[in-house]
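Containing mmCIF, C-alpha atoms and all ligand atoms: model.cif.
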data_final
loop_
_atom_site.label_atom_id
_atom_site.label_comp_id
_atom_site.auth_asym_id
_atom_site.auth_seq_id
_atom_site.Cartn_x
_atom_site.Cartn_y
_atom_site.Cartn_z
CA MET A 1 0.00 0.00 0.00
CA SER A 2 1.53 3.35 -0.94
CA GLU A 3 1.75 6.28 1.48
CA SER A 4 -1.07 8.07 -0.29
CA GLU A 5 -3.51 5.18 -0.78
CA TYR A 6 -4.87 3.57 2.35
CA ASP A 7 -7.72 1.10 1.80
CA LEU A 8 -10.09 0.31 4.66
CA GLN A 9 -10.41 -3.29 3.53
CA GLN A 10 -6.62 -3.79 3.45
CA LEU A 11 -5.79 -1.94 6.66
CA PRO A 12 -5.29 -4.26 9.64
CA GLN A 13 -8.25 -3.53 11.93
CA SER A 14 -7.55 -1.91 15.29
CA GLU A 15 -3.78 -1.75 14.85
CA PRO A 16 -1.98 1.60 15.05
CA VAL A 17 -0.83 3.32 11.88
CA ALA A 18 2.64 4.98 12.05
CA ALA A 19 2.19 8.43 13.57
CA ASN A 20 2.91 11.66 11.71
CA PRO A 21 4.08 14.72 13.70
CA GLU A 22 0.47 15.78 14.43
CA TYR A 23 -0.45 12.36 15.78
CA ARG A 24 2.70 12.10 17.90
CA GLU A 25 1.34 15.09 19.81
CA ARG A 26 -2.21 13.69 19.89
CA ARG A 27 -0.87 10.44 21.34
CA ARG A 28 1.14 12.31 24.00
CA LEU A 29 -1.98 14.27 24.89
CA ALA A 30 -4.12 11.12 25.15
CA ALA A 31 -1.49 9.36 27.26
CA ALA A 32 -1.44 12.25 29.73
CA LEU A 33 -5.26 12.34 29.91
CA ARG A 34 -5.33 8.58 30.49
CA ARG A 35 -3.08 9.03 33.51
CA ILE A 36 -5.40 11.74 34.83
CA ILE A 37 -8.51 9.57 34.32
CA ASP A 38 -6.78 6.74 36.18
CA ARG A 39 -5.49 8.83 39.07
CA LEU A 40 -8.69 10.86 39.58
CA VAL A 41 -10.54 7.80 40.91
CA ARG A 42 -10.77 8.52 44.66
CA VAL A 43 -7.65 10.68 44.53
CA GLU A 44 -6.71 12.04 47.98
CA ALA A 45 -6.30 15.77 47.46
CA PRO A 46 -7.30 18.92 49.38
CA GLN A 47 -10.54 20.52 48.20
CA GLN A 48 -8.56 23.61 47.20
CA LYS A 49 -6.60 21.43 44.78
CA LEU A 50 -9.83 19.97 43.35
CA THR A 51 -11.14 23.51 42.79
CA GLN A 52 -7.92 24.47 41.03
CA TRP A 53 -8.05 21.40 38.75
CA ALA A 54 -11.73 21.96 37.97
CA ASP A 55 -11.06 25.62 37.05
CA GLN A 56 -8.16 24.60 34.81
CA ALA A 57 -10.14 21.78 33.20
CA GLU A 58 -13.13 24.05 32.46
CA GLN A 59 -10.85 26.61 30.85
CA TRP A 60 -9.10 23.95 28.81
CA ALA A 61 -12.42 22.33 27.76
CA ASP A 62 -13.68 25.73 26.50
CA ASP A 63 -10.46 26.22 24.53
CA VAL A 64 -10.71 22.76 22.90
CA ALA A 65 -14.42 23.28 22.16
CA SER A 66 -13.63 26.51 20.30
CA HIS A 67 -11.91 24.49 17.56
CA PRO A 68 -13.92 22.70 14.83
CA ARG A 69 -14.01 18.90 14.43
CA ARG A 70 -12.68 17.29 11.23
CA GLN A 71 -15.58 15.62 9.38
CA GLN A 72 -15.61 11.82 9.36
CA GLN A 73 -17.72 11.04 6.28
CA PRO A 74 -15.28 12.29 3.58
CA LEU A 75 -12.31 10.47 5.09
CA LEU A 76 -14.35 7.27 5.48
CA MET A 77 -15.36 7.48 1.82
CA ARG A 78 -11.74 7.92 0.75
CA LEU A 79 -10.66 4.94 2.85
CA TRP A 80 -13.62 2.86 1.65
CA THR A 81 -12.67 3.47 -1.99
CA GLY A 82 -8.97 2.75 -1.39
CA LYS A 83 -7.95 6.39 -1.78
CA GLY A 84 -7.24 7.27 1.84
CA SER A 85 -4.12 9.04 3.07
CA GLN A 86 -2.00 8.25 6.13
CA GLN A 87 -3.74 11.19 7.79
CA ASP A 88 -7.16 9.63 7.00
CA ALA A 89 -6.06 6.29 8.45
CA LEU A 90 -4.81 8.02 11.60
CA ASP A 91 -7.96 10.17 11.88
CA MET A 92 -10.05 6.99 11.86
CA GLY A 93 -7.98 4.38 13.69
CA ASP A 94 -6.33 6.51 16.34
CA HIS A 95 -9.72 7.43 17.85
CA ASP A 96 -10.99 3.87 18.24
CA ILE A 97 -12.82 3.60 21.52
CA MET A 98 -10.59 0.81 22.88
CA THR A 99 -7.47 0.58 20.70
CA GLY A 100 -6.93 4.18 19.58
CA LEU A 101 -3.63 5.62 20.79
CA SER A 102 -5.08 9.13 20.50
CA ALA A 103 -8.31 8.18 22.32
CA ALA A 104 -7.99 9.32 25.93
CA MET A 105 -10.61 6.78 27.01
CA ALA A 106 -8.84 3.79 25.39
CA PRO A 107 -6.83 1.62 27.88
CA PRO A 108 -5.37 1.09 25.14
CA LEU A 109 -6.19 -2.46 24.07
CA GLU A 110 -3.44 -3.93 21.88
CA LEU A 111 -4.38 -6.40 19.10
CA TRP A 112 -2.38 -8.36 16.55
CA LEU A 113 -2.64 -11.37 14.23
CA ASP A 114 -0.81 -14.61 14.97
CA GLY A 115 -1.51 -16.92 12.03
CA ASP A 116 -5.28 -17.53 12.08
CA VAL A 117 -5.60 -16.34 15.69
CA VAL A 118 -6.27 -12.78 16.79
CA ARG A 119 -4.41 -12.01 20.00
CA GLY A 120 -4.78 -9.12 22.39
CA ARG A 121 -3.70 -7.72 25.71
CA ALA A 122 -4.76 -4.92 28.01
CA THR A 123 -4.35 -3.86 31.62
CA LEU A 124 -7.26 -1.85 32.99
CA GLY A 125 -7.26 0.51 35.97
CA PRO A 126 -9.96 1.47 38.48
CA ALA A 127 -11.83 3.75 36.07
CA TRP A 128 -13.06 0.51 34.39
CA GLN A 129 -14.34 -1.14 37.57
CA GLY A 130 -17.57 -3.12 37.82
CA PRO A 131 -17.54 -5.46 40.84
CA PRO A 132 -14.86 -4.29 43.31
CA GLY A 133 -11.41 -5.07 41.92
CA ARG A 134 -12.83 -6.44 38.65
CA VAL A 135 -13.37 -5.13 35.14
CA HIS A 136 -17.01 -4.17 34.43
CA GLY A 137 -18.83 -6.85 32.43
CA GLY A 138 -19.96 -4.32 29.82
CA VAL A 139 -16.37 -3.29 29.29
CA VAL A 140 -15.43 -6.95 28.88
CA ALA A 141 -18.13 -7.13 26.18
CA LEU A 142 -16.73 -4.05 24.46
CA MET A 143 -13.20 -5.46 24.40
CA LEU A 144 -14.51 -8.82 23.13
CA ASP A 145 -16.40 -7.10 20.33
CA ILE A 146 -13.30 -5.30 19.09
CA LEU A 147 -11.06 -8.35 19.55
CA MET A 148 -13.44 -10.69 17.72
CA ALA A 149 -14.23 -8.21 14.92
CA LYS A 150 -10.55 -8.26 14.02
CA CYS A 151 -11.07 -11.81 12.72
CA GLN A 152 -12.30 -9.96 9.63
CA ASP A 153 -8.61 -9.35 8.82
CA LEU A 154 -8.52 -13.06 7.90
CA VAL A 155 -11.35 -12.88 5.38
CA HIS A 156 -12.78 -10.88 2.50
CA GLY A 157 -15.92 -9.07 3.65
CA LEU A 158 -16.53 -6.40 6.28
CA GLY A 159 -19.50 -6.02 8.54
CA MET A 160 -20.96 -5.49 11.97
CA THR A 161 -21.61 -7.50 15.07
CA GLY A 162 -25.01 -9.21 14.86
CA THR A 163 -24.90 -11.33 18.00
CA LEU A 164 -22.52 -11.59 20.95
CA ASN A 165 -23.01 -14.19 23.70
CA ILE A 166 -20.76 -14.03 26.74
CA ARG A 167 -20.12 -16.46 29.57
CA TYR A 168 -18.37 -14.71 32.46
CA GLN A 169 -16.58 -17.69 33.97
CA ALA A 170 -14.53 -15.82 36.55
CA GLY A 171 -13.86 -12.22 37.45
CA THR A 172 -11.46 -10.35 35.18
CA PRO A 173 -9.23 -8.41 37.60
CA LEU A 174 -8.19 -4.79 37.32
CA ARG A 175 -4.49 -3.86 37.18
CA LYS A 176 -3.46 -7.26 35.78
CA GLU A 177 -2.56 -8.09 32.22
CA VAL A 178 -5.49 -9.71 30.43
CA LEU A 179 -4.51 -11.90 27.47
CA MET A 180 -7.09 -12.49 24.75
CA GLU A 181 -7.59 -14.67 21.73
CA ALA A 182 -10.23 -15.02 19.02
CA ARG A 183 -10.73 -17.51 16.21
CA ILE A 184 -13.15 -17.98 13.33
CA GLN A 185 -15.19 -21.12 13.95
CA ARG A 186 -16.88 -21.19 10.55
CA ILE A 187 -18.24 -19.07 7.74
CA GLU A 188 -21.75 -19.36 6.28
CA GLY A 189 -22.37 -16.88 3.46
CA ARG A 190 -22.59 -13.39 4.97
CA LYS A 191 -22.22 -14.80 8.51
CA MET A 192 -18.92 -15.30 10.29
CA PHE A 193 -19.03 -17.28 13.56
CA VAL A 194 -16.28 -16.30 16.01
CA GLU A 195 -15.12 -17.50 19.42
CA GLY A 196 -13.28 -15.27 21.92
CA ARG A 197 -11.51 -15.97 25.22
CA PHE A 198 -9.82 -13.97 27.99
CA PHE A 199 -7.09 -15.32 30.26
CA VAL A 200 -5.53 -13.93 33.43
CA ASP A 201 -2.57 -15.68 35.05
CA GLY A 202 -3.29 -18.68 32.82
CA GLU A 203 -6.91 -18.96 33.99
CA GLN A 204 -9.74 -18.48 31.49
CA THR A 205 -12.14 -15.80 32.73
CA VAL A 206 -14.40 -15.28 29.71
CA LEU A 207 -15.77 -17.34 26.83
CA ALA A 208 -17.72 -15.66 24.05
CA GLU A 209 -19.37 -16.64 20.79
CA GLY A 210 -20.47 -14.12 18.21
CA ILE A 211 -21.84 -13.73 14.71
CA TRP A 212 -20.65 -10.99 12.35
CA ILE A 213 -22.77 -10.08 9.32
CA SER A 214 -20.96 -8.87 6.21
CA MET A 215 -22.43 -5.67 4.76
CA GLN A 216 -22.10 -6.73 1.12
CA GLU A 217 -20.21 -9.76 -0.18
CA PRO A 218 -20.29 -13.18 1.52
CA TYR A 219 -17.31 -13.75 3.79
CA ARG A 220 -14.53 -15.92 2.37
CA TRP A 221 -11.09 -16.74 3.70
CA ARG A 222 -8.15 -14.72 2.40
CA ASP A 223 -5.32 -16.56 0.69
CA GLY A 224 -3.02 -18.20 3.23
CA HIS A 225 -5.69 -18.35 5.94
CA GLY A 226 -8.39 -20.83 6.95
CA PRO A 227 -8.66 -24.58 6.45
CA GLN A 228 -5.97 -25.58 3.91
C1 LIG A 301 -17.99 2.79 5.68
C2 LIG A 301 -17.11 2.01 6.63
C3 LIG A 301 -17.84 1.09 7.54
C4 LIG A 301 -16.93 0.25 8.34
C5 LIG A 301 -17.66 -0.71 9.23
C6 LIG A 301 -16.96 -0.87 10.53
C7 LIG A 301 -17.94 -1.27 11.60
C8 LIG A 301 -17.36 -1.09 12.98
C9 LIG A 301 -18.36 -1.62 13.97
C10 LIG A 301 -17.86 -1.60 15.35
C11 LIG A 301 -18.55 -2.70 16.15
C12 LIG A 301 -19.97 -2.35 16.49
O1 LIG A 301 -20.24 -1.59 17.37
S1 LIG A 301 -21.16 -3.03 15.58
C13 LIG A 301 -22.63 -2.24 16.16
C14 LIG A 301 -23.56 -3.21 16.81
N1 LIG A 301 -24.29 -3.86 15.77
C15 LIG A 301 -25.25 -3.23 15.10
O2 LIG A 301 -25.60 -2.08 15.27
C16 LIG A 301 -25.93 -4.06 14.02
C17 LIG A 301 -27.41 -3.81 14.01
N2 LIG A 301 -28.04 -4.72 13.06
C18 LIG A 301 -28.10 -4.39 11.73
O3 LIG A 301 -27.73 -3.27 11.32
C19 LIG A 301 -28.59 -5.42 10.80
O4 LIG A 301 -29.43 -6.31 11.51
C20 LIG A 301 -27.46 -6.21 10.15
C21 LIG A 301 -26.59 -5.25 9.27
C22 LIG A 301 -26.52 -6.89 11.18
C23 LIG A 301 -28.04 -7.32 9.27
O5 LIG A 301 -28.99 -6.76 8.43
P1 LIG A 301 -29.09 -7.19 6.88
O6 LIG A 301 -27.86 -6.75 6.16
O7 LIG A 301 -30.41 -6.67 6.38
O8 LIG A 301 -29.03 -8.74 6.94
P2 LIG A 301 -30.20 -9.82 6.69
O9 LIG A 301 -30.40 -9.89 5.20
O10 LIG A 301 -31.33 -9.55 7.58
O11 LIG A 301 -29.48 -11.15 7.21
C24 LIG A 301 -28.35 -11.73 6.58
C25 LIG A 301 -28.07 -13.03 7.30
O12 LIG A 301 -27.57 -12.71 8.64
C26 LIG A 301 -28.50 -13.22 9.64
N3 LIG A 301 -28.62 -12.18 10.65
C27 LIG A 301 -29.15 -10.96 10.51
N4 LIG A 301 -29.05 -10.25 11.66
C28 LIG A 301 -28.44 -11.08 12.56
C29 LIG A 301 -28.05 -10.91 13.92
N5 LIG A 301 -28.26 -9.79 14.58
N6 LIG A 301 -27.44 -11.95 14.53
C30 LIG A 301 -27.23 -13.12 13.87
N7 LIG A 301 -27.57 -13.31 12.56
C31 LIG A 301 -28.18 -12.31 11.92
C32 LIG A 301 -29.81 -13.48 8.91
O13 LIG A 301 -30.53 -14.52 9.54
C33 LIG A 301 -29.31 -13.90 7.53
O14 LIG A 301 -28.86 -15.23 7.60
P3 LIG A 301 -29.17 -16.24 6.38
O15 LIG A 301 -30.64 -16.20 6.15
O16 LIG A 301 -28.38 -15.69 5.21
O17 LIG A 301 -28.65 -17.55 6.88
#
Spit out the file's structure as structure tokens when you get a sec.
Amino acid sequence: MSESEYDLQQLPQSEPVAANPEYRERRRLAAALRRIIDRLVRVEAPQQKLTQWADQAEQWADDVASHPRRQQQPLLMRLWTGKGSQQDALDMGDHDIMTGLSAAMAPPLELWLDGDVVRGRATLGPAWQGPPGRVHGGVVALMLDILMAKCQDLVHGLGMTGTLNIRYQAGTPLRKEVLMEARIQRIEGRKMFVEGRFFVDGEQTVLAEGIWISMQEPYRWRDGHGPQ
């Protein structure tokens, strides 16, 4: 793929694109905000300090809000038709809710392909808590969705989550590395059946099964992947 032609269907899903100078700063900014989000949970600080931070944050929020937002539709169209730029790919991928390095909310979740398996890892802090000391079940679902959707890197066809069933087998702890894997079980026309699992300290905490529905063409394995 050349520098000036990024194609949504060729781009590895949920993996960072090399940063340009603008995005190096965006990533720094997001990393700093992530630390703030993490530390703000029950932070012990004098009320005077809280007032000072709130004043600063309000001022900063007003400043940010005074700048326009880049439109998404034109860049999506360029990427969809294989005519995207590196900037377009960064504008889209870097703001992913869970994997985006410029998304202040993202842990970030790291995903990669290992043969026909999608692997992932993330360590979540107290801002993501559900039961005390554990990751919220809805957040587990969100991470599973993004992990399992990446199985579309192994096939032709791109679509959305139709169904996601989750069995929470054990608590997924905060502040510990969670390892993840997802595999395609089978393909039936426009439906792709996927299985996902989380592990902590070698113990499986989550088992999920999902169905993705391709928007247009039936799913089919890419060359070099799937049953040989
Ligand atoms: C520009 C860049 C974009 C880039 C796109 C990038 C997307 C990023 C998404 C991020 C992840 C998300 O949050 S996804 C968001 C959460 N999901 C959604 O919002 C999806 C909401 N649902 C829908 O929009 C729709 O129901 C669809 C698109 C999933 C399916 O509608 P459709 O296209 O009309 O499909 P339809 O003909 O009814 O069915 C086709 C086959 O799939 C089966 N099927 C249909 N729905 C389901 C389902 N929910 N679960 C299981 N199976 C289903 C049918 O039985 C049928 O099987 P058979 O008869 O052929 O056997």
Please identify every residue of region 110-133 of chain A that has at least one atom no farther than 9 Å from an atom of region 29-47 of chain A, counting all atoms listed in the file, and for each give the shortest atom pair and the distance in Å to one decimal, arranged by chain then increasing number, as a Markdown table.
| residue | atom | partner | partner_atom | distance |
| --- | --- | --- | --- | --- |
| A:Gly125 | CA | A:Asp38 | CA | 6.3 |
| A:Pro126 | CA | A:Asp38 | CA | 6.6 |
| A:Ala127 | CA | A:Asp38 | CA | 5.9 |
* Nearby residues, ligand LIG 301 (chain A), 6 Å, all atoms listed in the file, as a list in words -> Leu76, Trp80, Gly159, Met160, Thr161, Gly162, Thr163, Arg190, Lys191, Ile211, Ile213 and Met215 of chain A
* **Glu110 (chain A) environment, 8 Å, only C-alpha atoms, sequence neighbours closer than 4 positions dropped, as a PyMOL selection string** => chain A and resi 15+99+120-122
* To do: Give as a PyMOL selection string every residue, naming chains and numbers as the document does, that has an atom within 6 Å of (-12.2, -2.0, 40.6), counting all atoms listed in the file.
  => chain A and resi 126+129+132-134+174
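Using only C-alpha atoms, the shortest contact distance between Gly171 (chain A) and any of A:Leu207, A:Val118, A:Ala65, A:Val17 is found at A:Leu207.
Counting from CA of Leu113 (chain A), the distance to CA of Gly210 (chain A) is 18.5 Å.
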Check which residues of region 16-56 of chain A sit at most 8 Å from region 86-94 of chain A using all atoms listed in the file, and return one row each with the closest pair of atoms and their distance in Å to one decimal, ordered by chain and rising number, as JSON lines.
{"residue": "A:Pro16", "atom": "CA", "partner": "A:Asp94", "partner_atom": "CA", "distance": 6.7}
{"residue": "A:Val17", "atom": "CA", "partner": "A:Leu90", "partner_atom": "CA", "distance": 6.2}
{"residue": "A:Ala19", "atom": "CA", "partner": "A:Leu90", "partner_atom": "CA", "distance": 7.3}
{"residue": "A:Asn20", "atom": "CA", "partner": "A:Gln87", "partner_atom": "CA", "distance": 7.7}
{"residue": "A:Tyr23", "atom": "CA", "partner": "A:Leu90", "partner_atom": "CA", "distance": 7.4}
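Reported to one decimal place, the separation of CA of Gly157 (chain A) from CA of Arg220 (chain A) is 7.1 Å.
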* Tell me, in Å to one decimal, how far CA of Pro74 (chain A) is from CA of Gln10 (chain A). => 18.3 Å
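Closest approach to Asp153 (chain A) among A:Met192, A:Ala170, A:Val135, A:Val178 is made by A:Met192 (distances from all atoms listed in the file).
The residue that comes closest to Lys83 (chain A), out of A:Leu124, A:Met98, A:Leu8, A:Ala149 and on the basis of all atoms listed in the file, is A:Leu8.
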* Would you please work out which residue, of A:Ala208, A:Trp128, A:Gly137, A:Pro12, is nearest to Arg167 (chain A) when using all atoms listed in the file? => A:Ala208
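Counting all atoms listed in the file, the residue from A:Ala18, A:Met143, A:Met148, A:Val155 that sits nearest to Leu109 (chain A) is A:Met143.
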* Neighbours of Val206 (chain A) within 9 Å (all atoms listed in the file; same-chain residues fewer than 6 positions away dropped), as a list in words? -> Val140, Ile166, Arg167, Tyr168, Gln169, Ala170, Gly171, Thr172, Gly196, Arg197, Phe198 and Phe199 of chain A
